[in-house]
Each structure stands twice: as structure tokens, then as C-alpha cells.
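work-v6.txt follows; it contains compact mmCIF, C-alpha atoms.
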# COMPACT_ATOMS: atom_id res chain seq x y z
CA MET A 292 97.71 75.17 123.46
CA ARG A 293 98.85 74.43 119.92
CA VAL A 294 102.03 76.43 119.21
CA GLN A 295 103.11 77.44 115.73
CA SER A 296 106.01 79.67 114.71
CA LEU A 297 105.30 82.20 111.97
CA ARG A 298 107.12 84.18 109.40
CA PHE A 299 105.62 87.54 108.55
CA ARG A 300 103.40 88.12 105.55
CA PRO A 301 104.52 89.40 102.11
CA ARG A 302 104.14 93.04 103.15
CA LEU A 303 107.30 92.37 105.19
CA LEU A 304 109.12 90.50 102.44
CA SER A 305 112.42 91.94 103.58
CA LEU A 306 111.93 90.29 106.97
CA MET A 307 111.35 86.93 105.36
CA LEU A 308 114.42 87.25 103.16
CA CYS A 309 116.56 88.27 106.09
CA GLY A 310 115.22 85.33 108.09
CA LEU A 311 116.08 82.98 105.23
CA LEU A 312 119.62 84.34 105.10
CA LEU A 313 120.00 83.77 108.81
CA PHE A 314 118.76 80.18 108.44
CA THR A 315 121.04 79.29 105.53
CA SER A 316 124.05 80.95 107.14
CA GLN A 317 123.68 79.50 110.62
CA ALA A 318 127.30 78.41 110.93
CA LEU A 319 128.55 81.82 109.87
CA ALA A 320 126.18 83.53 112.33
CA GLN A 321 127.63 81.46 115.14
CA ALA A 322 131.14 82.52 114.19
CA ILE A 323 130.40 86.21 113.62
CA PRO A 324 128.04 87.76 116.23
CA THR A 325 125.14 89.78 114.78
CA PRO A 326 125.83 93.49 115.33
CA GLN A 327 123.32 95.30 117.53
CA THR A 328 121.78 98.62 116.57
CA MET A 329 123.42 101.45 118.50
CA ILE A 330 120.93 103.98 119.87
CA PRO A 331 122.12 107.02 121.80
CA ALA A 332 120.56 108.17 125.03
CA PRO A 333 117.49 110.37 124.50
CA PRO A 334 118.06 114.13 124.31
CA GLN A 335 117.95 116.25 127.42
CA ILE A 336 114.45 117.74 127.63
CA ALA A 337 113.83 120.91 129.63
CA ALA A 338 110.45 119.90 131.04
CA LYS A 339 109.08 118.52 134.30
CA SER A 340 107.62 115.49 132.53
CA TRP A 341 107.70 114.11 129.02
CA ILE A 342 107.03 111.02 126.91
CA LEU A 343 107.37 109.82 123.32
CA MET A 344 104.97 107.11 122.12
CA ASP A 345 104.26 105.37 118.84
CA ALA A 346 100.61 106.01 117.94
CA ASP A 347 99.99 102.66 116.25
CA SER A 348 101.67 100.17 118.55
CA GLY A 349 101.39 102.22 121.75
CA ARG A 350 105.03 101.48 122.55
CA VAL A 351 106.73 104.12 124.69
CA LEU A 352 110.11 104.95 123.19
CA VAL A 353 111.43 107.30 125.89
CA GLU A 354 109.96 108.93 128.97
CA HIS A 355 110.77 110.96 132.07
CA ASN A 356 108.46 111.34 135.08
CA ALA A 357 105.66 110.28 132.72
CA ASP A 358 103.30 109.32 135.56
CA GLU A 359 103.81 112.44 137.66
CA ARG A 360 100.53 114.20 138.36
CA LEU A 361 100.71 117.77 137.08
CA PRO A 362 98.17 120.49 136.30
CA PRO A 363 97.27 120.00 132.62
CA ALA A 364 96.03 123.53 131.86
CA SER A 365 94.37 123.59 128.42
CA LEU A 366 95.57 120.08 127.59
CA THR A 367 92.34 119.30 129.45
CA LYS A 368 90.48 120.32 126.30
CA LEU A 369 91.70 117.15 124.60
CA MET A 370 89.18 115.25 126.70
CA THR A 371 86.52 117.90 126.11
CA ALA A 372 87.02 117.60 122.36
CA TYR A 373 87.20 113.80 122.57
CA LEU A 374 83.75 113.65 124.17
CA VAL A 375 82.32 115.92 121.47
CA GLU A 376 83.85 113.70 118.79
CA ARG A 377 82.47 110.60 120.51
CA GLU A 378 78.96 112.02 120.61
CA LEU A 379 79.24 112.95 116.93
CA ASP A 380 80.40 109.45 116.05
CA ARG A 381 77.52 107.87 117.98
CA GLY A 382 75.00 110.10 116.19
CA ASN A 383 73.80 111.81 119.37
CA ILE A 384 74.72 115.24 118.00
CA ASN A 385 75.52 116.68 114.56
CA LEU A 386 78.05 119.28 113.48
CA ASP A 387 75.24 121.58 112.33
CA ASP A 388 73.36 121.39 115.66
CA THR A 389 73.27 124.75 117.42
CA VAL A 390 74.03 125.55 121.05
CA ARG A 391 72.61 128.57 122.83
CA VAL A 392 75.37 130.41 124.69
CA SER A 393 74.65 130.96 128.37
CA GLU A 394 75.88 133.95 130.36
CA ASN A 395 77.97 131.52 132.41
CA ALA A 396 79.83 130.30 129.32
CA TRP A 397 80.21 133.84 127.98
CA ARG A 398 81.70 135.09 131.25
CA THR A 399 84.32 132.29 131.55
CA GLY A 400 87.78 133.83 131.86
CA GLY A 401 91.03 132.97 130.14
CA SER A 402 91.43 132.21 126.43
CA LYS A 403 88.27 132.74 124.41
CA MET A 404 86.59 131.91 121.14
CA PHE A 405 84.55 135.13 121.66
CA ILE A 406 81.06 133.69 121.47
CA GLU A 407 78.27 136.07 122.49
CA VAL A 408 75.67 135.47 125.20
CA ASN A 409 72.26 134.24 123.97
CA THR A 410 73.52 133.56 120.43
CA GLU A 411 73.28 130.23 118.62
CA VAL A 412 76.63 128.60 117.75
CA THR A 413 77.06 125.37 115.80
CA ILE A 414 78.79 122.33 117.26
CA ARG A 415 81.24 122.59 114.36
CA ASP A 416 82.29 126.11 115.35
CA LEU A 417 82.52 125.20 119.03
CA LEU A 418 84.74 122.20 118.23
CA TYR A 419 87.05 124.42 116.18
CA GLY A 420 86.97 127.00 118.95
CA ILE A 421 88.00 124.42 121.56
CA ILE A 422 90.82 122.89 119.53
CA ILE A 423 92.28 125.86 117.63
CA SER A 424 91.36 128.92 119.71
CA SER A 425 91.52 127.01 123.02
CA GLY A 426 88.30 128.74 123.96
CA ASN A 427 87.26 128.34 127.57
CA ASP A 428 83.90 129.86 126.67
CA ALA A 429 83.42 127.24 123.94
CA SER A 430 84.37 124.44 126.33
CA VAL A 431 81.80 125.51 128.92
CA ALA A 432 79.12 125.94 126.25
CA VAL A 433 79.72 122.37 125.06
CA ALA A 434 79.75 121.04 128.62
CA GLU A 435 76.40 122.66 129.35
CA HIS A 436 74.93 121.36 126.09
CA LEU A 437 76.09 117.75 126.51
CA ALA A 438 75.68 117.30 130.27
CA GLY A 439 73.59 120.18 131.54
CA GLY A 440 76.48 121.88 133.32
CA GLU A 441 80.23 121.87 133.79
CA ALA A 442 80.19 119.80 137.00
CA PRO A 443 78.27 116.85 135.52
CA PHE A 444 80.38 117.13 132.37
CA ALA A 445 83.54 116.85 134.50
CA ASP A 446 82.06 113.72 136.06
CA LEU A 447 81.53 112.35 132.56
CA MET A 448 85.13 113.23 131.70
CA ASN A 449 86.35 111.25 134.70
CA GLN A 450 84.23 108.24 133.79
CA HIS A 451 85.82 108.16 130.36
CA ALA A 452 89.27 108.71 131.83
CA THR A 453 88.74 105.53 133.83
CA ARG A 454 87.41 103.68 130.79
CA LEU A 455 90.46 104.67 128.74
CA GLY A 456 92.94 103.67 131.45
CA LEU A 457 94.10 107.16 132.41
CA HIS A 458 95.22 106.24 135.91
CA ASN A 459 96.79 109.57 136.92
CA THR A 460 94.08 111.92 135.67
CA SER A 461 91.28 113.79 137.42
CA PHE A 462 89.09 116.47 135.87
CA ALA A 463 87.18 119.16 137.72
CA ASN A 464 86.22 121.34 134.75
CA ALA A 465 86.12 121.32 130.94
CA THR A 466 88.64 124.13 130.43
CA GLY A 467 91.81 123.38 132.35
CA LEU A 468 91.54 126.47 134.51
CA PRO A 469 93.35 125.86 137.83
CA HIS A 470 91.61 123.61 140.34
CA PRO A 471 93.11 121.50 143.15
CA GLU A 472 91.36 118.36 141.87
CA GLN A 473 92.47 118.84 138.27
CA TYR A 474 95.59 116.93 137.24
CA SER A 475 96.95 114.57 134.63
CA SER A 476 100.24 113.03 133.47
CA ALA A 477 102.29 112.93 130.29
CA ARG A 478 101.49 109.24 129.81
CA ASP A 479 97.75 109.80 130.20
CA MET A 480 97.80 112.70 127.74
CA ALA A 481 99.65 110.53 125.21
CA LEU A 482 97.12 107.71 125.66
CA LEU A 483 94.20 110.10 125.27
CA SER A 484 95.75 111.50 122.10
CA GLN A 485 96.19 107.98 120.75
CA TYR A 486 92.45 107.39 121.19
CA ILE A 487 91.62 110.71 119.51
CA ILE A 488 93.78 109.87 116.50
CA ASN A 489 92.74 106.24 116.11
CA ASP A 490 89.09 106.32 117.18
CA TYR A 491 87.87 109.41 115.32
CA PRO A 492 90.19 110.03 112.34
CA GLU A 493 87.45 111.89 110.47
CA HIS A 494 87.65 114.71 113.05
CA TYR A 495 91.41 114.67 113.57
CA ALA A 496 92.09 117.05 110.66
CA VAL A 497 90.80 119.93 112.82
CA TYR A 498 93.92 119.70 115.01
CA ALA A 499 96.13 120.64 112.05
CA GLU A 500 94.26 123.85 111.21
CA LYS A 501 96.47 126.89 111.68
CA TYR A 502 93.76 129.53 112.04
CA PHE A 503 90.13 129.83 113.03
CA THR A 504 87.96 132.89 112.51
CA TYR A 505 84.79 133.48 114.48
CA ASN A 506 82.87 136.69 115.14
CA ASP A 507 85.33 138.41 112.73
CA ILE A 508 88.22 137.55 115.06
CA ARG A 509 91.00 135.46 113.50
CA GLN A 510 93.08 133.47 115.98
CA PRO A 511 96.13 131.31 115.29
CA ASN A 512 96.66 127.79 116.57
CA ARG A 513 99.18 128.05 119.41
CA ASN A 514 101.05 124.94 118.26
CA ARG A 515 104.07 126.56 116.58
CA LEU A 516 105.22 123.26 115.11
CA LEU A 517 102.36 123.39 112.60
CA TRP A 518 104.34 126.14 110.86
CA ARG A 519 107.79 124.61 111.32
CA ASP A 520 107.30 120.94 110.49
CA ALA A 521 104.97 119.80 107.72
CA THR A 522 104.70 116.34 109.30
CA VAL A 523 103.17 117.71 112.53
CA ASP A 524 99.36 117.73 112.44
CA GLY A 525 98.22 118.10 116.08
CA LEU A 526 97.28 118.25 118.89
CA LYS A 527 97.03 120.85 121.71
CA THR A 528 98.89 123.41 123.78
CA GLY A 529 98.33 124.47 127.38
CA TRP A 530 99.48 127.13 129.78
CA THR A 531 98.75 128.49 133.22
CA THR A 532 101.09 130.04 135.76
CA GLU A 533 100.79 126.93 137.88
CA ALA A 534 101.27 124.41 135.04
CA GLY A 535 103.84 126.18 132.94
CA TYR A 536 103.81 125.55 129.18
CA GLY A 537 102.75 122.17 127.81
CA LEU A 538 102.35 120.69 124.36
CA VAL A 539 100.91 117.45 123.07
CA ALA A 540 102.01 116.95 119.47
CA SER A 541 101.76 114.29 116.82
CA ALA A 542 103.65 113.85 113.55
CA LYS A 543 103.55 111.28 110.77
CA ARG A 544 106.45 110.41 108.48
CA ASP A 545 105.93 107.67 105.93
CA ASP A 546 103.98 104.96 107.80
CA MET A 547 105.12 105.95 111.28
CA ARG A 548 103.17 108.26 113.61
CA LEU A 549 104.56 109.48 116.92
CA ILE A 550 102.91 111.27 119.84
CA SER A 551 104.98 113.45 122.15
CA VAL A 552 104.00 115.20 125.36
CA VAL A 553 105.98 117.80 127.27
CA MET A 554 104.60 119.33 130.48
CA GLY A 555 106.06 122.08 132.60
CA THR A 556 108.38 123.90 130.19
CA ASN A 557 109.18 127.58 130.74
CA SER A 558 108.01 129.26 127.51
CA GLU A 559 106.06 128.85 124.28
CA GLU A 560 109.32 128.55 122.37
CA SER A 561 110.73 126.01 124.79
CA ARG A 562 107.76 123.66 124.51
CA ALA A 563 108.07 123.75 120.72
CA GLN A 564 111.82 123.14 120.73
CA GLU A 565 111.72 120.34 123.29
CA THR A 566 108.92 118.64 121.39
CA GLN A 567 110.93 118.87 118.18
CA LYS A 568 113.86 117.19 119.91
CA LEU A 569 111.70 114.25 120.96
CA LEU A 570 110.09 113.79 117.56
CA SER A 571 113.40 114.01 115.71
CA TYR A 572 114.95 111.42 118.03
CA GLY A 573 112.07 109.01 117.56
CA PHE A 574 111.96 109.21 113.78
CA ARG A 575 115.74 108.98 113.48
CA TYR A 576 116.31 105.87 115.60
CA TYR A 577 113.03 103.90 115.50
CA GLU A 578 110.66 102.49 112.92
CA THR A 579 107.15 101.09 113.00
CA LEU A 580 106.40 97.96 111.00
CA LYS A 581 102.90 96.74 110.20
CA LEU A 582 103.06 92.99 110.75
CA TYR A 583 99.50 91.79 110.14
CA ASP A 584 96.33 93.31 108.76
CA GLN A 585 93.04 93.17 110.59
CA GLY A 586 91.17 90.11 109.35
CA ALA A 587 94.19 88.41 107.77
CA VAL A 588 93.97 84.61 108.08
CA LEU A 589 96.97 83.44 110.11
CA ASN A 590 95.94 79.81 110.56
CA SER A 591 93.07 77.39 109.96
CA PRO A 592 93.10 74.87 112.84
CA ARG A 593 90.91 71.78 113.10
CA ILE A 594 87.56 72.33 114.75
CA TRP A 595 85.46 69.42 115.97
CA GLY A 596 81.73 68.89 115.73
CA GLY A 597 81.08 71.73 113.32
CA ASP A 598 79.54 72.16 109.90
CA SER A 599 83.13 72.84 108.75
CA ASN A 600 86.34 71.05 109.67
CA GLU A 601 88.52 74.16 109.79
CA LEU A 602 88.25 77.53 111.53
CA ARG A 603 89.96 80.57 110.07
CA VAL A 604 91.70 82.56 112.81
CA GLY A 605 93.54 85.87 112.81
CA VAL A 606 93.67 89.25 114.53
CA ASP A 607 90.78 91.65 115.00
CA ARG A 608 92.91 94.74 114.49
CA ASP A 609 96.07 95.73 112.66
CA VAL A 610 99.22 94.56 114.43
CA ALA A 611 102.14 97.00 114.33
CA MET A 612 105.44 96.93 116.15
CA THR A 613 107.85 99.75 116.94
CA LEU A 614 111.50 98.84 117.27
CA PRO A 615 114.99 100.25 116.85
CA ARG A 616 115.93 100.62 113.19
CA ALA A 617 117.72 97.67 111.55
CA ARG A 618 116.55 95.14 114.17
CA ASN A 619 113.67 93.79 112.08
CA VAL A 620 115.68 90.64 111.32
CA GLU A 621 115.27 89.70 114.99
CA LEU A 622 111.48 89.68 114.83
CA SER A 623 109.60 86.41 115.10
CA ALA A 624 106.08 85.38 115.97
CA ARG A 625 104.21 82.32 117.14
CA LEU A 626 100.60 81.32 117.56
CA ASP A 627 99.29 79.69 120.72
CA ILE A 628 95.95 78.25 119.61
CA ARG A 629 93.52 76.57 121.98
CA GLN A 630 93.48 72.81 121.54
CA ASP A 631 90.34 70.78 120.89
CA LEU A 632 88.35 73.62 119.37
CA THR A 633 84.71 72.61 119.38
CA ALA A 634 81.72 74.10 117.57
CA PRO A 635 79.82 76.28 117.92
CA VAL A 636 82.23 79.20 117.64
CA SER A 637 81.10 82.77 116.95
CA LEU A 638 82.82 85.41 114.88
CA GLY A 639 85.23 87.32 117.15
CA ASP A 640 85.57 84.62 119.83
CA ARG A 641 89.08 84.48 121.25
CA VAL A 642 90.81 81.19 120.44
CA GLY A 643 94.44 81.92 121.31
CA THR A 644 97.29 84.42 121.39
CA LEU A 645 99.70 85.87 118.85
CA GLU A 646 103.09 86.42 120.50
CA VAL A 647 105.67 88.70 118.87
CA ARG A 648 109.32 88.51 119.94
CA LEU A 649 112.33 90.71 119.32
CA GLY A 650 115.17 88.29 119.81
CA GLU A 651 114.33 86.54 123.09
CA GLU A 652 112.17 89.39 124.41
CA VAL A 653 108.38 89.23 124.11
CA VAL A 654 107.43 92.67 122.79
CA GLY A 655 103.78 92.12 121.97
CA GLU A 656 100.84 89.84 122.66
CA HIS A 657 97.60 90.08 120.69
CA PRO A 658 94.36 88.06 120.83
CA LEU A 659 93.76 85.49 118.12
CA VAL A 660 90.09 85.45 117.22
CA ALA A 661 87.72 83.47 115.04
CA LEU A 662 87.30 85.20 111.69
CA GLU A 663 84.07 83.34 111.01
CA SER A 664 81.24 81.60 112.82
CA ILE A 665 81.09 77.80 112.80
CA GLU A 666 77.76 76.21 113.67
CA GLU A 667 77.31 72.73 115.09
CA GLY A 668 77.22 69.98 112.53
CA GLY A 669 74.50 67.37 112.30
CA LEU A 670 74.19 64.51 114.76
CA PHE A 671 76.12 62.05 112.58
CA LYS A 672 78.90 64.61 112.01
CA ARG A 673 79.25 65.28 115.74
CA LEU A 674 79.37 61.56 116.59
CA PHE A 675 81.91 60.89 113.84
CA ASP A 676 84.12 63.76 115.08
CA GLN A 677 83.97 62.45 118.65
CA VAL A 678 85.40 59.14 117.47
CA ARG A 679 88.06 60.82 115.35
CA ARG A 680 89.04 63.14 118.20
CA PHE A 681 89.37 60.20 120.60
CA PHE A 682 91.81 58.41 118.33
CA SER A 683 93.57 61.67 117.41
CA ASN A 684 94.28 62.38 121.10
CA LEU A 685 95.22 58.76 121.67
CA LEU A 686 97.75 58.77 118.82
CA GLY A 687 99.13 62.27 119.54
CA GLY A 688 97.33 64.08 116.74
CA TRP A 689 98.35 61.62 113.99
CA PHE A 690 94.83 60.42 113.22

If you convert what's in this file into C-alpha cells, what do you get?
Amino acid sequence: MRVQSLRFRPRLLSLMLCGLLLFTSQALAQAIPTPQTMIPAPPQIAAKSWILMDADSGRVLVEHNADERLPPASLTKLMTAYLVERELDRGNINLDDTVRVSENAWRTGGSKMFIEVNTEVTIRDLLYGIIISSGNDASVAVAEHLAGGEAPFADLMNQHATRLGLHNTSFANATGLPHPEQYSSARDMALLSQYIINDYPEHYAVYAEKYFTYNDIRQPNRNRLLWRDATVDGLKTGWTTEAGYGLVASAKRDDMRLISVVMGTNSEESRAQETQKLLSYGFRYYETLKLYDQGAVLNSPRIWGGDSNELRVGVDRDVAMTLPRARNVELSARLDIRQDLTAPVSLGDRVGTLEVRLGEEVVGEHPLVALESIEEGGLFKRLFDQVRRFFSNLLGGWF
């Protein structure tokens, strides 16, 4: 592999300036140790399980029993809503499509959107009813519409849980009503929320709505933080006697978005307060930096036998990093690029790895991909490159 150290792009000009100061003041740095950022222990959280994650980088800032399998209650509806959003995004359904309400959906107990049997309800209203009103009736209606019944819909939920890497999650219904085979974890709920936010941003605004009115019944969103903190814009609450009170929340301040999950608190007020503690801690002591943009050219290595002599390489998605505040001067990156790149190469082919370090610790690895396609050159060009490559390897890359 060809290894190259990198400085970060102009959007992180402060990092480059700090790095330059460190380089020009090397002797002084050896004499005076660089002070480390002091971060206190996370707050005490009155919940069975909890986690705080950065939504962009996926880095977990703090956690407790985050993989413990617990009943998720209505947090289940995050997956129900996710599958609706996925079908909308794929064009299989539309927001204005109507669903006929079965007696089974109408009779479902627990929290309700108050749809009426044998009426036609739009997908848009059902999605609002699932997210804001936490309607069990709406969830069953959607499950029947998308999969023909709640049992096959639960099977679909589990298939997607596996696809998304939710290793401690099992769904038995679309509502979150108690079932011995229904469980999830704080980490899995955070990961699912990350997919909801990042995969379908056009639908995410629904999670911030404070009220939803249907059938002349106005119901408030049960996420109290929507009223208390203007930066909070999602996601979902849950409660059953077995599960206790849970809350998955997300907030964005400046360019940083955090996701918090608390499961097994003892009241509606407690889940709001404990979530606020986590979010405040994360925003106070951490920051998220965007290091590279999707499609940015990070290097143009030599490619042999192609109709071009250079291949532009970069990352196929934005690269962000979450770290303790004031430690950005310790960030560095290097590229490990595959040697002897040979045409043809297709757009998106992996050609190496971008490694990000915080001091001596590797804190991120991202695929380096071809940002363009390079076709094979003509016969003469390929023969000429074979000769050049032979002498280049023979002379250690000098030729």
C-alpha cells in the first residue's frame, strides 16, 4: 500500500494552523507537555440502560448497559415508521395513498390515533399518527397494508433489523405492546434513529411536530423536550408497565447532532430530565468536525494501462469525527492506497483506506474509492506502461 499523511482541507483551516504551530515549535512542545482536555465523568442517569451517540460519525460518547435486551414498548414504532419511510422513498407507496381500516386495526388496544373501521385513511395521516400520536391502531393498519398482516410485517421488521446491524433486537408486532419475543437495546434504538435521520431526512420533520389532529381529536407529542429545548426535534417515547418509560431523542446545535436513548426510567418527567442531562453533557464537552466532503479529491495516484495516467480518489460519503473539545490539534490522517493500480477501474471501486488518528489512537477508518472510471488504454499505451512500470518497480518508484 502507498501511504500518505494528510492535513485536513480548508474547511478545517484552524486545524492546519494549529498543526503548523506544532511543527514550528517542536522544541518548545518537547519541553512543555501539551495539556489534555479534562472531561468529567458522565452524569448519573436514573435508567436501566442509556446511550449517547453522535448522529454523523456514529461515535458513542457515553453508555450504560447499552446492549441489555429490554422491552421497547412504543419505541418499536421507530422501525414501523422507518419501513413506511423506506417504502415512500422507493416509490412503492405515496403519502396520498389510502388504507382501508380493518376491524382488527380498529380494535387494537393501547394508545390510539382513533381511526374508524372501514374508513379510508391516507398514508400521510397514518405516519403522523404513528409518530406523534403513537397510535397502535395506525401501526396495525400500516402493517396490514404493507405486508398483509402484523405477523408478516414483524418478520419484515426483523429482516431489516438484521440488515441494519441491530444485534439485540427482535420484533413480534408493529406496536410495541408486550410480547415475550419483543425486545431491543439502547444501542440498537440509537442506530435505528441514526438511519431514520440520515436516510430519509425529508420525512424526519414529522418527529418534531408537537400536535396532530385526526377525527377532530387533537393529541400532543409525548416528547416533552420538544417544548423545553428548541434544539430537540425527535424522535419517540415509549411506555408499558413492563418496560417503564423510555425516550429516544435527537438534538442539533450548530453542526453537531446527538442521539440519546434512555430505557427503563420511572416516569414521563424522569425520562425527559435524564435525556436532557445526556444531551447537555454531550454538547458541553464534545464537538463534531466535518473532515472531508463526499466526492472531495484526496489524491490522484498513478494508474497503469489506462486512457488516463492518474485516478482521482476520495471518499464516497462525508467524513465526520466526534472528539473531546479542544483536541482537534491532535487529529491527523493518512491514505493507504493500493499499489500498482491498473485499468480498468470503475467509479466507486475501493482502492484503499483513509485512516484518521487522534494522537496515537486510530479513531476512524473509511474506504477510499475511485471518483471516476478509467478505461483501458490502447494496445501501445498498455505496452508502454508495462515497460515503465517494470523500471519504476526496479528503481523504487523513481522512474

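Nearest residue to Ile422 (chain A), choosing from A:Thr399, A:Asn600, A:Gln567, A:Thr371 and counting all atoms listed in the file: A:Thr371.
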
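Minimum distance to Glu578 (chain A) across A:Arg391, A:Arg616, A:Val610, A:Ile594 (counting all atoms listed in the file) occurs at A:Arg616.
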
Original post:
Do you know which residues are at most 9 Å from Asn449 (chain A) counting only C-alpha atoms, after dropping those on the same chain fewer than 2 positions away, and could you put them as number ranges by chain?
Top reply: A: 444-447, 451-454, 460-463

Subject >> Distance of CA of Leu638 (chain A) from CA of Gly382 (chain A), expressed in Å to one decimal place >> reply: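 A separation of 25.9 Å between them.
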
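Restricting the calculation to all atoms listed in the file, the smallest distance between Tyr491 (chain A) and any of A:Ala396, A:Val539, A:Val375, A:Ile406 is found for A:Val375.
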
Original post:
Using only C-alpha atoms, which residues sit within 8 Å of Pro362 (chain A) once same-chain residues fewer than 2 positions away are excluded, as number ranges by chain?
Top reply: A: 360, 364, 469, 473-475, 533-534

**OP:** May I ask for the distance between CA of Arg509 (chain A) and CA of Leu369 (chain A), given in Å to one decimal place?
**Re:**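 Going from CA of Arg509 (chain A) over to CA of Leu369 (chain A) covers 21.4 Å.
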
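Between CA of Ala481 (chain A) and CA of Arg625 (chain A) lies a distance of 29.7 Å.
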
Original post:
Counting all atoms listed in the file, what is within 7 Å of Leu526 (chain A), bar same-chain residues fewer than 2 positions away, as an MDAnalysis selection string?
Top reply: chainID A and resid 498 524 539:541

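If you measure from each of A:Asp380, A:Asp507, A:Asp546, A:Glu666 to Trp595 (chain A) using all atoms listed in the file, the closest one turns out to be A:Glu666.
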
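Restricting the calculation to all atoms listed in the file, the smallest distance between Pro592 (chain A) and any of A:Leu659, A:Val553, A:Val620, A:Val647 is found for A:Leu659.
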
Would you fill out region 546-564 of chain A with N, CA, C and O atoms and return it as a PDB file, in the coordinates of the input?
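See part.pdb below for the written result:
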ATOM      1  N   ASP A 546     105.037 105.725 107.134  1.00  0.00           N
ATOM      2  CA  ASP A 546     103.980 104.960 107.800  1.00  0.00           C
ATOM      3  C   ASP A 546     104.084 105.009 109.320  1.00  0.00           C
ATOM      4  O   ASP A 546     103.408 104.248 110.014  1.00  0.00           O
ATOM      5  N   MET A 547     104.895 105.901 109.845  1.00  0.00           N
ATOM      6  CA  MET A 547     105.120 105.950 111.280  1.00  0.00           C
ATOM      7  C   MET A 547     104.544 107.237 111.871  1.00  0.00           C
ATOM      8  O   MET A 547     104.833 108.330 111.391  1.00  0.00           O
ATOM      9  N   ARG A 548     103.720 107.099 112.903  1.00  0.00           N
ATOM     10  CA  ARG A 548     103.170 108.260 113.610  1.00  0.00           C
ATOM     11  C   ARG A 548     103.618 108.222 115.055  1.00  0.00           C
ATOM     12  O   ARG A 548     103.489 107.199 115.728  1.00  0.00           O
ATOM     13  N   LEU A 549     104.125 109.348 115.540  1.00  0.00           N
ATOM     14  CA  LEU A 549     104.560 109.480 116.920  1.00  0.00           C
ATOM     15  C   LEU A 549     103.714 110.507 117.646  1.00  0.00           C
ATOM     16  O   LEU A 549     103.192 111.449 117.042  1.00  0.00           O
ATOM     17  N   ILE A 550     103.577 110.315 118.950  1.00  0.00           N
ATOM     18  CA  ILE A 550     102.910 111.270 119.840  1.00  0.00           C
ATOM     19  C   ILE A 550     103.911 111.672 120.906  1.00  0.00           C
ATOM     20  O   ILE A 550     104.531 110.812 121.539  1.00  0.00           O
ATOM     21  N   SER A 551     104.094 112.958 121.093  1.00  0.00           N
ATOM     22  CA  SER A 551     104.980 113.450 122.150  1.00  0.00           C
ATOM     23  C   SER A 551     104.200 114.348 123.088  1.00  0.00           C
ATOM     24  O   SER A 551     103.249 115.019 122.685  1.00  0.00           O
ATOM     25  N   VAL A 552     104.608 114.332 124.348  1.00  0.00           N
ATOM     26  CA  VAL A 552     104.000 115.200 125.360  1.00  0.00           C
ATOM     27  C   VAL A 552     105.122 115.804 126.185  1.00  0.00           C
ATOM     28  O   VAL A 552     106.011 115.087 126.670  1.00  0.00           O
ATOM     29  N   VAL A 553     105.102 117.116 126.316  1.00  0.00           N
ATOM     30  CA  VAL A 553     105.980 117.800 127.270  1.00  0.00           C
ATOM     31  C   VAL A 553     105.094 118.626 128.193  1.00  0.00           C
ATOM     32  O   VAL A 553     104.170 119.300 127.748  1.00  0.00           O
ATOM     33  N   MET A 554     105.370 118.565 129.499  1.00  0.00           N
ATOM     34  CA  MET A 554     104.600 119.330 130.480  1.00  0.00           C
ATOM     35  C   MET A 554     105.574 120.065 131.390  1.00  0.00           C
ATOM     36  O   MET A 554     106.600 119.500 131.804  1.00  0.00           O
ATOM     37  N   GLY A 555     105.248 121.309 131.664  1.00  0.00           N
ATOM     38  CA  GLY A 555     106.060 122.080 132.600  1.00  0.00           C
ATOM     39  C   GLY A 555     107.323 122.672 131.998  1.00  0.00           C
ATOM     40  O   GLY A 555     108.360 122.718 132.662  1.00  0.00           O
ATOM     41  N   THR A 556     107.257 123.146 130.744  1.00  0.00           N
ATOM     42  CA  THR A 556     108.380 123.900 130.190  1.00  0.00           C
ATOM     43  C   THR A 556     108.198 125.368 130.558  1.00  0.00           C
ATOM     44  O   THR A 556     107.171 125.768 131.113  1.00  0.00           O
ATOM     45  N   ASN A 557     109.202 126.203 130.221  1.00  0.00           N
ATOM     46  CA  ASN A 557     109.180 127.580 130.740  1.00  0.00           C
ATOM     47  C   ASN A 557     108.767 128.646 129.723  1.00  0.00           C
ATOM     48  O   ASN A 557     108.771 129.827 130.053  1.00  0.00           O
ATOM     49  N   SER A 558     108.428 128.253 128.485  1.00  0.00           N
ATOM     50  CA  SER A 558     108.010 129.260 127.510  1.00  0.00           C
ATOM     51  C   SER A 558     107.339 128.578 126.321  1.00  0.00           C
ATOM     52  O   SER A 558     107.466 127.360 126.122  1.00  0.00           O
ATOM     53  N   GLU A 559     106.650 129.373 125.502  1.00  0.00           N
ATOM     54  CA  GLU A 559     106.060 128.850 124.280  1.00  0.00           C
ATOM     55  C   GLU A 559     107.132 128.287 123.358  1.00  0.00           C
ATOM     56  O   GLU A 559     106.963 127.226 122.747  1.00  0.00           O
ATOM     57  N   GLU A 560     108.236 129.002 123.238  1.00  0.00           N
ATOM     58  CA  GLU A 560     109.320 128.550 122.370  1.00  0.00           C
ATOM     59  C   GLU A 560     109.959 127.285 122.902  1.00  0.00           C
ATOM     60  O   GLU A 560     110.289 126.362 122.133  1.00  0.00           O
ATOM     61  N   SER A 561     110.107 127.191 124.196  1.00  0.00           N
ATOM     62  CA  SER A 561     110.730 126.010 124.790  1.00  0.00           C
ATOM     63  C   SER A 561     109.894 124.769 124.546  1.00  0.00           C
ATOM     64  O   SER A 561     110.432 123.711 124.182  1.00  0.00           O
ATOM     65  N   ARG A 562     108.579 124.854 124.711  1.00  0.00           N
ATOM     66  CA  ARG A 562     107.760 123.660 124.510  1.00  0.00           C
ATOM     67  C   ARG A 562     107.821 123.188 123.059  1.00  0.00           C
ATOM     68  O   ARG A 562     107.770 121.994 122.785  1.00  0.00           O
ATOM     69  N   ALA A 563     107.949 124.133 122.123  1.00  0.00           N
ATOM     70  CA  ALA A 563     108.070 123.750 120.720  1.00  0.00           C
ATOM     71  C   ALA A 563     109.425 123.095 120.453  1.00  0.00           C
ATOM     72  O   ALA A 563     109.510 122.052 119.791  1.00  0.00           O
ATOM     73  N   GLN A 564     110.484 123.689 120.965  1.00  0.00           N
ATOM     74  CA  GLN A 564     111.820 123.140 120.730  1.00  0.00           C
ATOM     75  C   GLN A 564     112.015 121.778 121.382  1.00  0.00           C
ATOM     76  O   GLN A 564     112.590 120.865 120.769  1.00  0.00           O
TER      77      GLN A 564
END
